[in-house]
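Quick notes on the structure that follows.
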Amino acid sequence: MKEKQAAVRLTDVSHVYVSGKGALLALERIGFELDEDEFVSLVGPSGCGKTTLLSVVAGLIVPTEGRVEIGGRRVTGPSRQVGYMLQHDYLFPWRTIENNCLIGLELHGKVTDAQRTDALRLLKEMGLGDVAAKYPHQLSGGMRQRVALVRTLIASPELLLLDEPFSALDYQTKLTLEQLVSETLRKRRKPAILVTHDISEAIAMSDRVIVMDRGPGRVRRDIRVPDEIRAASPMKARELPGFHALFGEIWGEFEEMEARREPS
Ligand code: ADP
Ligand code: MG
């Protein structure tokens, strides 16, 4: 029988940063897989290598060792099959919202009418239908992040990478966006990796939570979120009893890492 192909596979990924100050082992033998519509969150202490790992998956950093495969093909550099959304929205102030959304496509050739229609439809879906002709400075932080999401989705990436995309937003906006991203990805049935320092957000949005250890960055725990929580929306998930148990478990991992760092 043919083995089921993972949508994303990391095998023994290690990365060393070399600088004037010496060498730093940022990632050590990271390995995990994602199914085709799986949503995985990465949590871990600051500096444990989360952003480095996403950059490796995005093909922006060539790892010192190991490999990343997306759809069975080895990642050797950046490509359109990966959408990368960051905490800062990087919208161009002199471009309209619509034209900000199309920028990724423009880099690959002339934008077609169909793509323009697509962008407008997506903007509408995200509740931004009436701001397409406006400029970024006319929008709130939450709206700008939604524009960044449209821009990321418009290229129909095979994999979505999200590096703390909600962390600069106020709590209410953040919950709304979690909801929106979660629904959108469920409809698209594409895998995603979310980096967040918010344990609640990780549990509420994901199928699995990977807890990373620091110094060097390693997979410490790979925890499956219970079905009941996965089936609920991010907002509703937070009210379930199993949610608090899992939160406590992950919190415990953080406490242990912290205790080990500062022995008394
Ligand atoms: P996280 O996103 O989990 O906070 P990072 O991936 O940003 O962690 O960083 C992991 C480690 O690698 C940190 O110790 C950081 O200081 C170091 N680091 C990150 N980027 C570079 C770089 N370009 N050159 C050297 N060291 C780096
Ligand atoms: Mg980071």
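By order in the structure tokens, chains are A, B, ...; within a chain, residues start at 1; ligands start at 1, following the order shown.
Residues in contact with Arg220 in chain A at 10 Å, where only C-alpha atoms are counted and same-chain residues fewer than 4 positions away are skipped, are listed as Ile30, Gly44, Ile210, Val211, Met212, Asp213, Arg214, Glu253 and Met257 of chain A.
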Generate the output file for the selected residues, N, CA and C atoms, as a CSV table (one decimal), in the first residue's frame.
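Okay, this is what ended up in selection_31.csv:
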```
chain,number,residue,atom,x,y,z
A,30,ILE,N,14.5,19.4,14.3
A,30,ILE,CA,13.1,19.6,14.4
A,30,ILE,C,12.4,18.7,13.3
A,44,GLY,N,6.1,28.7,22.4
A,44,GLY,CA,7.4,28.5,23.1
A,44,GLY,C,8.0,29.8,23.6
A,210,ILE,N,2.3,22.5,19.1
A,210,ILE,CA,3.6,22.1,19.3
A,210,ILE,C,4.3,23.0,20.2
A,211,VAL,N,4.8,22.5,21.4
A,211,VAL,CA,5.5,23.3,22.3
A,211,VAL,C,7.0,23.2,22.1
A,212,MET,N,7.6,24.4,21.8
A,212,MET,CA,9.1,24.3,21.5
A,212,MET,C,9.9,24.7,22.8
A,213,ASP,N,11.0,24.1,22.9
A,213,ASP,CA,11.9,24.3,24.0
A,213,ASP,C,13.0,25.2,23.5
A,214,ARG,N,13.7,25.8,24.4
A,214,ARG,CA,14.7,26.9,24.0
A,214,ARG,C,16.1,26.4,24.3
A,253,GLU,N,4.3,23.2,31.0
A,253,GLU,CA,5.5,23.1,30.2
A,253,GLU,C,6.3,24.4,30.3
A,257,MET,N,10.1,25.0,31.8
A,257,MET,CA,11.2,25.6,31.0
A,257,MET,C,11.8,26.8,31.7
```
Worksheet entry | Exercise: Pro45 in chain A partners within 12 Å, only C-alpha atoms, chain neighbours under 2 positions left out, as a PyMOL selection string | chain A and resi 42-43+47-51+195-199+211-218+220+250-251+253-258+261
How close does range 12-125 of chain A get to range 154-167 of chain A? List, as a Markdown table, each residue of range 12-125 of chain A within 7 Å, its nearest atom pair and the distance in Å to one decimal, counting only C-alpha atoms.
```
| residue | atom | partner | partner_atom | distance |
| --- | --- | --- | --- | --- |
| A:Thr51 | CA | A:Asp163 | CA | 6.9 |
| A:Leu54 | CA | A:Leu161 | CA | 6.9 |
| A:Arg80 | CA | A:Pro157 | CA | 6.4 |
| A:Gln81 | CA | A:Pro157 | CA | 4.5 |
| A:Val82 | CA | A:Leu159 | CA | 5.0 |
| A:Gly83 | CA | A:Leu160 | CA | 4.8 |
| A:Tyr84 | CA | A:Leu161 | CA | 4.7 |
| A:Met85 | CA | A:Leu162 | CA | 4.8 |
| A:Leu86 | CA | A:Asp163 | CA | 4.9 |
| A:Gln87 | CA | A:Pro165 | CA | 4.1 |
| A:Leu105 | CA | A:Ala155 | CA | 6.7 |
| A:Ala119 | CA | A:Ile154 | CA | 6.4 |
```
Discussion item. I'd like the neighbourhood of Arg146 in chain A as an MDAnalysis selection string, where a residue qualifies if any of its atoms comes within 10 Å (using only C-alpha atoms), though same-chain residues fewer than 6 positions away should be ignored.
Written reply: chainID A and resid 89 123 126:128 140 152 165 177 180:181
From a DSSP pass on the backbone, collect the residues of range 133-237 of chain A flagged as helix (DSSP H, G or I) and hand them back as a CSV table (one decimal) with all heavy atoms, in the first residue's frame.
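After the write, result25.csv holds the following:
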```csv
chain,number,residue,atom,x,y,z
A,136,PRO,N,-4.2,52.6,3.2
A,136,PRO,CA,-3.9,52.0,4.5
A,136,PRO,C,-4.1,52.9,5.7
A,136,PRO,O,-4.7,52.5,6.7
A,136,PRO,CB,-2.5,51.5,4.4
A,136,PRO,CG,-2.3,51.2,2.9
A,136,PRO,CD,-3.1,52.2,2.2
A,137,HIS,N,-3.7,54.2,5.6
A,137,HIS,CA,-3.8,55.0,6.8
A,137,HIS,C,-5.2,55.4,7.2
A,137,HIS,O,-5.4,55.8,8.3
A,137,HIS,CB,-3.0,56.3,6.6
A,137,HIS,CG,-3.7,57.3,5.7
A,137,HIS,ND1,-3.5,57.3,4.3
A,137,HIS,CD2,-4.6,58.3,5.9
A,137,HIS,CE1,-4.2,58.3,3.8
A,137,HIS,NE2,-4.9,58.9,4.7
A,138,GLN,N,-6.1,55.1,6.3
A,138,GLN,CA,-7.5,55.3,6.6
A,138,GLN,C,-8.2,54.2,7.3
A,138,GLN,O,-9.4,54.2,7.7
A,138,GLN,CB,-8.3,55.6,5.3
A,138,GLN,CG,-7.8,56.9,4.6
A,138,GLN,CD,-8.5,57.1,3.2
A,138,GLN,OE1,-8.2,56.4,2.3
A,138,GLN,NE2,-9.4,58.0,3.2
A,141,GLY,N,-6.1,49.1,12.8
A,141,GLY,CA,-5.1,48.0,12.8
A,141,GLY,C,-5.7,46.7,12.4
A,141,GLY,O,-5.2,45.9,11.7
A,142,GLY,N,-7.0,46.4,12.9
A,142,GLY,CA,-7.6,45.1,12.6
A,142,GLY,C,-8.0,45.0,11.2
A,142,GLY,O,-7.8,43.9,10.6
A,143,MET,N,-8.4,46.1,10.6
A,143,MET,CA,-8.7,46.1,9.2
A,143,MET,C,-7.5,45.9,8.3
A,143,MET,O,-7.5,45.2,7.3
A,143,MET,CB,-9.4,47.4,8.8
A,143,MET,CG,-10.8,47.6,9.3
A,143,MET,SD,-11.4,49.3,9.1
A,143,MET,CE,-12.4,49.1,7.6
A,144,ARG,N,-6.4,46.5,8.7
A,144,ARG,CA,-5.2,46.4,8.0
A,144,ARG,C,-4.7,44.9,8.0
A,144,ARG,O,-4.2,44.4,7.0
A,144,ARG,CB,-4.1,47.3,8.5
A,144,ARG,CG,-4.4,48.8,8.3
A,144,ARG,CD,-3.5,49.6,9.1
A,144,ARG,NE,-2.1,49.4,8.7
A,144,ARG,CZ,-1.3,50.3,8.2
A,144,ARG,NH1,-1.8,51.5,8.0
A,144,ARG,NH2,-0.1,50.0,7.8
A,145,GLN,N,-4.8,44.3,9.1
A,145,GLN,CA,-4.4,42.9,9.2
A,145,GLN,C,-5.3,42.0,8.3
A,145,GLN,O,-4.9,41.0,7.7
A,145,GLN,CB,-4.4,42.3,10.6
A,145,GLN,CG,-3.1,42.5,11.4
A,145,GLN,CD,-1.9,42.1,10.7
A,145,GLN,OE1,-1.5,42.6,9.7
A,145,GLN,NE2,-1.2,41.1,11.3
A,146,ARG,N,-6.6,42.4,8.2
A,146,ARG,CA,-7.5,41.6,7.3
A,146,ARG,C,-7.1,41.8,5.9
A,146,ARG,O,-7.1,40.9,5.1
A,146,ARG,CB,-8.9,42.1,7.5
A,146,ARG,CG,-9.6,41.3,8.7
A,146,ARG,CD,-11.0,41.7,8.8
A,146,ARG,NE,-11.2,43.0,9.5
A,146,ARG,CZ,-12.3,43.7,9.5
A,146,ARG,NH1,-13.3,43.4,8.7
A,146,ARG,NH2,-12.3,44.8,10.2
A,147,VAL,N,-6.6,43.0,5.5
A,147,VAL,CA,-6.1,43.3,4.2
A,147,VAL,C,-4.9,42.4,3.9
A,147,VAL,O,-4.8,41.8,2.9
A,147,VAL,CB,-5.7,44.8,4.0
A,147,VAL,CG1,-5.1,45.0,2.6
A,147,VAL,CG2,-7.0,45.7,4.2
A,148,ALA,N,-4.0,42.4,4.9
A,148,ALA,CA,-2.8,41.5,4.8
A,148,ALA,C,-3.2,40.1,4.6
A,148,ALA,O,-2.5,39.3,3.8
A,148,ALA,CB,-1.9,41.7,6.0
A,149,LEU,N,-4.3,39.7,5.2
A,149,LEU,CA,-4.7,38.3,5.1
A,149,LEU,C,-5.2,38.0,3.7
A,149,LEU,O,-4.9,37.0,3.0
A,149,LEU,CB,-5.8,38.0,6.1
A,149,LEU,CG,-6.4,36.6,6.1
A,149,LEU,CD1,-5.3,35.5,6.4
A,149,LEU,CD2,-7.6,36.5,7.1
A,150,VAL,N,-6.0,39.0,3.2
A,150,VAL,CA,-6.5,38.9,1.8
A,150,VAL,C,-5.3,38.8,0.8
A,150,VAL,O,-5.3,37.9,-0.1
A,150,VAL,CB,-7.4,40.1,1.4
A,150,VAL,CG1,-7.7,40.0,-0.1
A,150,VAL,CG2,-8.7,40.0,2.2
A,151,ARG,N,-4.3,39.6,1.0
A,151,ARG,CA,-3.2,39.6,0.1
A,151,ARG,C,-2.5,38.3,0.2
A,151,ARG,O,-2.0,37.8,-0.8
A,151,ARG,CB,-2.2,40.8,0.6
A,151,ARG,CG,-1.1,40.9,-0.4
A,151,ARG,CD,0.0,41.9,0.1
A,151,ARG,NE,0.3,41.6,1.5
A,151,ARG,CZ,0.9,42.4,2.3
A,151,ARG,NH1,1.3,43.6,1.9
A,151,ARG,NH2,1.2,42.1,3.5
A,152,THR,N,-2.4,37.7,1.4
A,152,THR,CA,-1.8,36.4,1.5
A,152,THR,C,-2.6,35.3,0.8
A,152,THR,O,-2.0,34.4,0.2
A,152,THR,CB,-1.6,36.1,3.0
A,152,THR,OG1,-1.0,37.2,3.6
A,152,THR,CG2,-0.7,34.9,3.2
A,153,LEU,N,-3.9,35.4,1.0
A,153,LEU,CA,-4.8,34.3,0.4
A,153,LEU,C,-5.0,34.4,-1.1
A,153,LEU,O,-5.3,33.4,-1.7
A,153,LEU,CB,-6.1,34.3,1.1
A,153,LEU,CG,-6.1,34.0,2.6
A,153,LEU,CD1,-7.5,34.2,3.2
A,153,LEU,CD2,-5.7,32.5,2.9
A,171,TYR,N,-7.8,43.0,22.3
A,171,TYR,CA,-8.4,41.6,22.5
A,171,TYR,C,-9.6,41.3,21.6
A,171,TYR,O,-9.7,40.2,21.0
A,171,TYR,CB,-8.7,41.5,24.0
A,171,TYR,CG,-9.0,40.0,24.4
A,171,TYR,CD1,-8.1,39.0,24.3
A,171,TYR,CD2,-10.3,39.7,24.8
A,171,TYR,CE1,-8.4,37.7,24.6
A,171,TYR,CE2,-10.6,38.4,25.1
A,171,TYR,CZ,-9.6,37.4,25.0
A,171,TYR,OH,-9.9,36.1,25.4
A,172,GLN,N,-10.5,42.2,21.5
A,172,GLN,CA,-11.7,42.0,20.8
A,172,GLN,C,-11.5,41.8,19.3
A,172,GLN,O,-12.0,40.9,18.7
A,172,GLN,CB,-12.7,43.2,21.0
A,172,GLN,CG,-14.1,42.8,21.0
A,172,GLN,CD,-15.0,43.8,21.6
A,172,GLN,OE1,-14.5,44.7,22.4
A,172,GLN,NE2,-16.2,43.9,21.2
A,173,THR,N,-10.6,42.7,18.7
A,173,THR,CA,-10.3,42.6,17.3
A,173,THR,C,-9.6,41.2,17.1
A,173,THR,O,-9.8,40.6,16.0
A,173,THR,CB,-9.3,43.7,16.9
A,173,THR,OG1,-9.9,44.9,17.4
A,173,THR,CG2,-9.1,43.8,15.5
A,174,LYS,N,-8.7,40.9,18.0
A,174,LYS,CA,-8.0,39.6,17.9
A,174,LYS,C,-8.9,38.4,17.8
A,174,LYS,O,-8.8,37.5,17.0
A,174,LYS,CB,-7.1,39.6,19.1
A,174,LYS,CG,-6.3,38.3,19.3
A,174,LYS,CD,-5.6,38.6,20.7
A,174,LYS,CE,-5.3,37.3,21.4
A,174,LYS,NZ,-3.9,36.9,21.0
A,175,LEU,N,-9.9,38.4,18.7
A,175,LEU,CA,-10.9,37.3,18.7
A,175,LEU,C,-11.6,37.2,17.4
A,175,LEU,O,-11.9,36.2,16.8
A,175,LEU,CB,-11.9,37.4,19.9
A,175,LEU,CG,-11.4,37.1,21.3
A,175,LEU,CD1,-12.5,37.2,22.3
A,175,LEU,CD2,-10.7,35.7,21.3
A,176,THR,N,-12.0,38.4,16.9
A,176,THR,CA,-12.8,38.5,15.6
A,176,THR,C,-11.9,37.9,14.5
A,176,THR,O,-12.4,37.2,13.6
A,176,THR,CB,-13.2,39.9,15.3
A,176,THR,OG1,-13.7,40.5,16.5
A,176,THR,CG2,-14.2,40.0,14.2
A,177,LEU,N,-10.7,38.3,14.5
A,177,LEU,CA,-9.8,37.8,13.4
A,177,LEU,C,-9.4,36.4,13.5
A,177,LEU,O,-9.4,35.7,12.5
A,177,LEU,CB,-8.5,38.6,13.4
A,177,LEU,CG,-8.4,39.8,12.5
A,177,LEU,CD1,-7.2,40.6,12.6
A,177,LEU,CD2,-8.6,39.3,11.0
A,178,GLU,N,-9.3,35.9,14.7
A,178,GLU,CA,-9.1,34.4,14.9
A,178,GLU,C,-10.2,33.7,14.3
A,178,GLU,O,-10.0,32.7,13.6
A,178,GLU,CB,-9.1,34.1,16.4
A,178,GLU,CG,-7.8,34.4,17.1
A,178,GLU,CD,-7.9,34.0,18.6
A,178,GLU,OE1,-8.9,33.3,19.0
A,178,GLU,OE2,-7.0,34.3,19.4
A,179,GLN,N,-11.4,34.2,14.5
A,179,GLN,CA,-12.6,33.5,14.0
A,179,GLN,C,-12.6,33.5,12.5
A,179,GLN,O,-12.9,32.5,11.9
A,179,GLN,CB,-13.8,34.4,14.5
A,179,GLN,CG,-15.2,33.7,14.5
A,179,GLN,CD,-15.4,32.9,15.8
A,179,GLN,OE1,-14.6,33.0,16.7
A,179,GLN,NE2,-16.4,32.1,15.8
A,180,LEU,N,-12.3,34.7,11.9
A,180,LEU,CA,-12.3,34.8,10.5
A,180,LEU,C,-11.2,33.9,9.8
A,180,LEU,O,-11.5,33.2,8.8
A,180,LEU,CB,-12.0,36.3,10.2
A,180,LEU,CG,-12.2,36.8,8.8
A,180,LEU,CD1,-13.7,36.7,8.5
A,180,LEU,CD2,-11.8,38.3,8.7
A,181,VAL,N,-10.0,33.9,10.4
A,181,VAL,CA,-9.0,33.1,9.8
A,181,VAL,C,-9.3,31.6,9.9
A,181,VAL,O,-9.2,30.8,9.0
A,181,VAL,CB,-7.6,33.4,10.5
A,181,VAL,CG1,-6.6,32.3,10.2
A,181,VAL,CG2,-7.1,34.8,10.2
A,182,SER,N,-9.9,31.2,11.0
A,182,SER,CA,-10.3,29.9,11.3
A,182,SER,C,-11.3,29.4,10.2
A,182,SER,O,-11.2,28.4,9.6
A,182,SER,CB,-10.8,29.8,12.7
A,182,SER,OG,-11.2,28.5,13.0
A,183,GLU,N,-12.4,30.2,10.1
A,183,GLU,CA,-13.4,29.9,9.1
A,183,GLU,C,-12.9,29.8,7.7
A,183,GLU,O,-13.2,28.9,6.9
A,183,GLU,CB,-14.5,31.0,9.1
A,183,GLU,CG,-15.5,30.8,10.2
A,183,GLU,CD,-16.4,32.1,10.4
A,183,GLU,OE1,-16.5,32.9,9.4
A,183,GLU,OE2,-16.9,32.2,11.5
A,184,THR,N,-12.0,30.8,7.3
A,184,THR,CA,-11.5,30.9,6.0
A,184,THR,C,-10.7,29.7,5.7
A,184,THR,O,-10.8,29.1,4.6
A,184,THR,CB,-10.6,32.2,5.8
A,184,THR,OG1,-11.4,33.3,6.3
A,184,THR,CG2,-10.2,32.4,4.4
A,185,LEU,N,-9.8,29.3,6.6
A,185,LEU,CA,-9.0,28.1,6.4
A,185,LEU,C,-9.7,26.8,6.3
A,185,LEU,O,-9.4,25.9,5.6
A,185,LEU,CB,-7.9,28.0,7.4
A,185,LEU,CG,-6.8,29.1,7.3
A,185,LEU,CD1,-5.7,28.9,8.4
A,185,LEU,CD2,-6.1,29.0,5.9
A,186,ARG,N,-10.8,26.7,7.1
A,186,ARG,CA,-11.6,25.5,7.1
A,186,ARG,C,-12.2,25.3,5.7
A,186,ARG,O,-12.3,24.2,5.2
A,186,ARG,CB,-12.7,25.6,8.2
A,186,ARG,CG,-12.3,24.7,9.3
A,186,ARG,CD,-13.3,24.8,10.5
A,186,ARG,NE,-12.5,25.0,11.7
A,186,ARG,CZ,-13.0,24.7,12.9
A,186,ARG,NH1,-14.3,24.4,13.0
A,186,ARG,NH2,-12.3,24.9,14.0
A,187,LYS,N,-12.7,26.5,5.2
A,187,LYS,CA,-13.3,26.4,3.8
A,187,LYS,C,-12.2,26.0,2.8
A,187,LYS,O,-12.5,25.3,1.9
A,187,LYS,CB,-13.8,27.8,3.5
A,187,LYS,CG,-15.3,28.0,3.8
A,187,LYS,CD,-15.9,29.3,3.3
A,187,LYS,CE,-16.1,30.3,4.3
A,187,LYS,NZ,-16.1,31.7,3.9
A,188,ARG,N,-11.0,26.5,2.9
A,188,ARG,CA,-10.0,26.2,1.9
A,188,ARG,C,-9.4,24.9,2.0
A,188,ARG,O,-8.7,24.4,1.1
A,188,ARG,CB,-8.9,27.3,2.0
A,188,ARG,CG,-9.4,28.6,1.7
A,188,ARG,CD,-8.3,29.6,1.5
A,188,ARG,NE,-8.9,30.7,0.8
A,188,ARG,CZ,-8.4,31.3,-0.3
A,188,ARG,NH1,-7.3,30.9,-0.8
A,188,ARG,NH2,-9.1,32.3,-0.9
A,199,ILE,N,-1.2,31.1,24.5
A,199,ILE,CA,-1.6,29.7,24.7
A,199,ILE,C,-3.0,29.5,24.3
A,199,ILE,O,-3.4,28.5,23.6
A,199,ILE,CB,-1.2,29.1,26.1
A,199,ILE,CG1,0.3,29.3,26.4
A,199,ILE,CG2,-1.7,27.7,26.2
A,199,ILE,CD1,0.6,28.9,27.8
A,200,SER,N,-3.9,30.4,24.8
A,200,SER,CA,-5.3,30.3,24.5
A,200,SER,C,-5.6,30.3,23.0
A,200,SER,O,-6.4,29.5,22.5
A,200,SER,CB,-6.1,31.4,25.1
A,200,SER,OG,-5.9,31.5,26.4
A,201,GLU,N,-4.9,31.2,22.3
A,201,GLU,CA,-5.1,31.3,20.9
A,201,GLU,C,-4.7,30.0,20.2
A,201,GLU,O,-5.4,29.5,19.3
A,201,GLU,CB,-4.3,32.5,20.4
A,201,GLU,CG,-4.4,32.7,18.9
A,201,GLU,CD,-3.7,34.0,18.6
A,201,GLU,OE1,-4.2,35.1,19.0
A,201,GLU,OE2,-2.6,34.0,17.9
A,202,ALA,N,-3.6,29.5,20.6
A,202,ALA,CA,-3.0,28.3,20.0
A,202,ALA,C,-4.1,27.1,20.2
A,202,ALA,O,-4.4,26.4,19.2
A,202,ALA,CB,-1.7,27.9,20.7
A,203,ILE,N,-4.6,27.0,21.4
A,203,ILE,CA,-5.5,25.9,21.6
A,203,ILE,C,-6.8,26.1,20.8
A,203,ILE,O,-7.4,25.2,20.2
A,203,ILE,CB,-5.9,25.7,23.1
A,203,ILE,CG1,-4.6,25.4,23.9
A,203,ILE,CG2,-6.9,24.6,23.3
A,203,ILE,CD1,-4.8,25.5,25.4
A,204,ALA,N,-7.3,27.3,20.9
A,204,ALA,CA,-8.6,27.6,20.3
A,204,ALA,C,-8.6,27.5,18.8
A,204,ALA,O,-9.7,27.2,18.2
A,204,ALA,CB,-9.0,29.1,20.7
A,205,MET,N,-7.5,27.7,18.2
A,205,MET,CA,-7.5,27.7,16.7
A,205,MET,C,-7.0,26.4,16.1
A,205,MET,O,-7.2,26.2,14.9
A,205,MET,CB,-6.6,28.8,16.2
A,205,MET,CG,-7.2,30.2,16.5
A,205,MET,SD,-6.5,31.5,15.5
A,205,MET,CE,-7.0,31.1,13.9
A,227,ASP,N,-11.0,16.6,20.1
A,227,ASP,CA,-12.0,16.8,19.0
A,227,ASP,C,-13.1,17.9,19.3
A,227,ASP,O,-13.4,18.7,18.5
A,227,ASP,CB,-12.7,15.5,18.6
A,227,ASP,CG,-11.7,14.6,17.9
A,227,ASP,OD1,-10.7,15.0,17.5
A,227,ASP,OD2,-12.1,13.4,17.8
A,228,GLU,N,-13.5,17.8,20.6
A,228,GLU,CA,-14.6,18.7,21.0
A,228,GLU,C,-14.2,20.2,20.9
A,228,GLU,O,-14.9,21.0,20.4
A,228,GLU,CB,-14.9,18.4,22.5
A,228,GLU,CG,-15.9,19.2,23.1
A,228,GLU,CD,-15.9,19.1,24.6
A,228,GLU,OE1,-14.7,19.0,25.2
A,228,GLU,OE2,-16.9,19.3,25.3
A,229,ILE,N,-12.9,20.4,21.2
A,229,ILE,CA,-12.4,21.8,21.1
A,229,ILE,C,-12.1,22.2,19.7
A,229,ILE,O,-12.4,23.3,19.2
A,229,ILE,CB,-11.1,21.9,21.9
A,229,ILE,CG1,-11.4,21.6,23.4
A,229,ILE,CG2,-10.5,23.3,21.8
A,229,ILE,CD1,-10.2,21.6,24.3
A,230,ARG,N,-11.6,21.2,18.9
A,230,ARG,CA,-11.4,21.5,17.5
A,230,ARG,C,-12.6,21.8,16.7
A,230,ARG,O,-12.6,22.6,15.8
A,230,ARG,CB,-10.7,20.3,16.8
A,230,ARG,CG,-9.3,20.1,17.4
A,230,ARG,CD,-8.7,18.7,16.9
A,230,ARG,NE,-8.8,18.6,15.5
A,230,ARG,CZ,-9.0,17.4,14.8
A,230,ARG,NH1,-9.2,16.3,15.5
A,230,ARG,NH2,-9.1,17.4,13.5
A,231,ALA,N,-13.7,21.1,17.1
A,231,ALA,CA,-15.0,21.3,16.4
A,231,ALA,C,-15.6,22.7,16.7
A,231,ALA,O,-16.4,23.2,15.9
A,231,ALA,CB,-15.9,20.2,16.7
A,234,PRO,N,-13.2,29.3,17.6
A,234,PRO,CA,-12.2,29.8,18.6
A,234,PRO,C,-12.9,30.5,19.8
A,234,PRO,O,-12.4,30.3,20.9
A,234,PRO,CB,-11.4,30.8,17.8
A,234,PRO,CG,-11.5,30.4,16.4
A,234,PRO,CD,-12.9,29.8,16.2
A,235,MET,N,-14.0,31.2,19.6
A,235,MET,CA,-14.6,31.9,20.7
A,235,MET,C,-15.3,30.8,21.6
A,235,MET,O,-15.1,30.9,22.8
A,235,MET,CB,-15.7,32.8,20.1
A,235,MET,CG,-16.1,33.9,21.0
A,235,MET,SD,-15.1,35.4,20.7
A,235,MET,CE,-15.9,36.0,19.2
A,236,LYS,N,-16.0,29.9,21.1
A,236,LYS,CA,-16.7,28.9,21.9
A,236,LYS,C,-15.7,27.9,22.5
A,236,LYS,O,-16.0,27.4,23.6
A,236,LYS,CB,-17.7,28.1,21.0
A,236,LYS,CG,-18.9,28.9,20.5
A,236,LYS,CD,-20.0,28.7,21.6
A,236,LYS,CE,-21.2,29.6,21.2
A,236,LYS,NZ,-21.0,31.0,21.4
A,237,ALA,N,-14.6,27.6,21.8
A,237,ALA,CA,-13.7,26.7,22.4
A,237,ALA,C,-13.2,27.1,23.7
A,237,ALA,O,-13.0,26.2,24.6
A,237,ALA,CB,-12.5,26.6,21.4
```
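For the choices A:Ala168, A:Leu53, A:Ala23, A:Leu240, the atom-to-atom distance to ligand 2 is smallest for A:Leu53 when using only C-alpha atoms and all ligand atoms.
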Item to complete: Extract the full set of strand (DSSP E) residues from range 30-249 of chain A according to DSSP on the backbone, and format it as a PyMOL selection string.
Response: chain A and resi 30-34+39-43+65-70+73-74+82-86+159-163+192-195+208-213+218-224
Fill in: Which of A:Ala245, A:Ile61, A:Glu38, A:Lys21 sits closest to Leu194 in chain A [using only C-alpha atoms]
A:Glu38
